[in-house]
Amino acid sequence: QGPSCSQWNIWGTWSGCSRTCGIGARMRMRTCPVANNCPGSATDTGSCNVSACDMSIAGQWTQWTGWSQVGTCYGCPRGSYRQRIRNCTSPKPMKGGAQCLGAREQRGPCPVCQDGGFSDWSEWR
């Protein structure tokens, strides 16, 4: 006859984690050579992926605005500039996410009048 109390076989390998980040659970099992004749549990659970999930959101630029209004040639003298901007709000960085890279403002030369004078006369009416 066999013994009245049996010893467990060794633990099996751990299962995969129930979560890809944050605290999850995993399980392993063992068997008893004599059915229902071993003390304790046939299953064991443990924690896994104890590091926090990265919930950060990196910032992204909006589209550039149009160039600032020049109006007439007088509104933007030679040597001046015009500008356009974009914002880091599409989305904006949240929960420690990276800031947008690059410039928020872009400058460019102002358009110059063709000849600085009047246009040709129109027909009399």
# chains A, B, ... in the order shown; residues from 1 in each chain; ligands from 1
>>> select_by_dssp(residues="stretch 34-97 of chain A", states="strand (DSSP E)", output="list in words")
Thr43, Asp44, Thr45, Gly46, Ser47, Cys48, Tyr81, Arg82, Gln83, Arg84 and Ile85 of chain A
>>> closest_residue(among="A:Asn49, A:Tyr81, A:Trp61, A:Met55", to="A:Gly97", atoms="only C-alpha atoms")
A:Met55
>>> closest_residue(among="A:Lys92, A:Ala42, A:Cys48, A:Pro33", to="A:Gly16", atoms="only C-alpha atoms")
A:Cys48
>>> closest_residue(among="A:Arg19, A:Arg28, A:Arg84, A:Lys95", to="A:Asp54", atoms="only C-alpha atoms")
A:Lys95
>>> closest_residue(among="A:Asn87, A:Arg82, A:Trp11, A:Ser47", to="A:Trp64", atoms="only C-alpha atoms")
A:Asn87
>>> closest_residue(among="A:Pro109, A:Ser6, A:Asn37, A:Val50", to="A:Ile23", atoms="only C-alpha atoms")
A:Val50
>>> closest_residue(among="A:Gln83, A:Ser51, A:Arg125, A:Met94", to="A:Cys110", atoms="only C-alpha atoms")
A:Gln83
>>> atom_distance(atom1="atom CA of A:Gly96", atom2="atom CA of A:Arg26")
29.6 Å
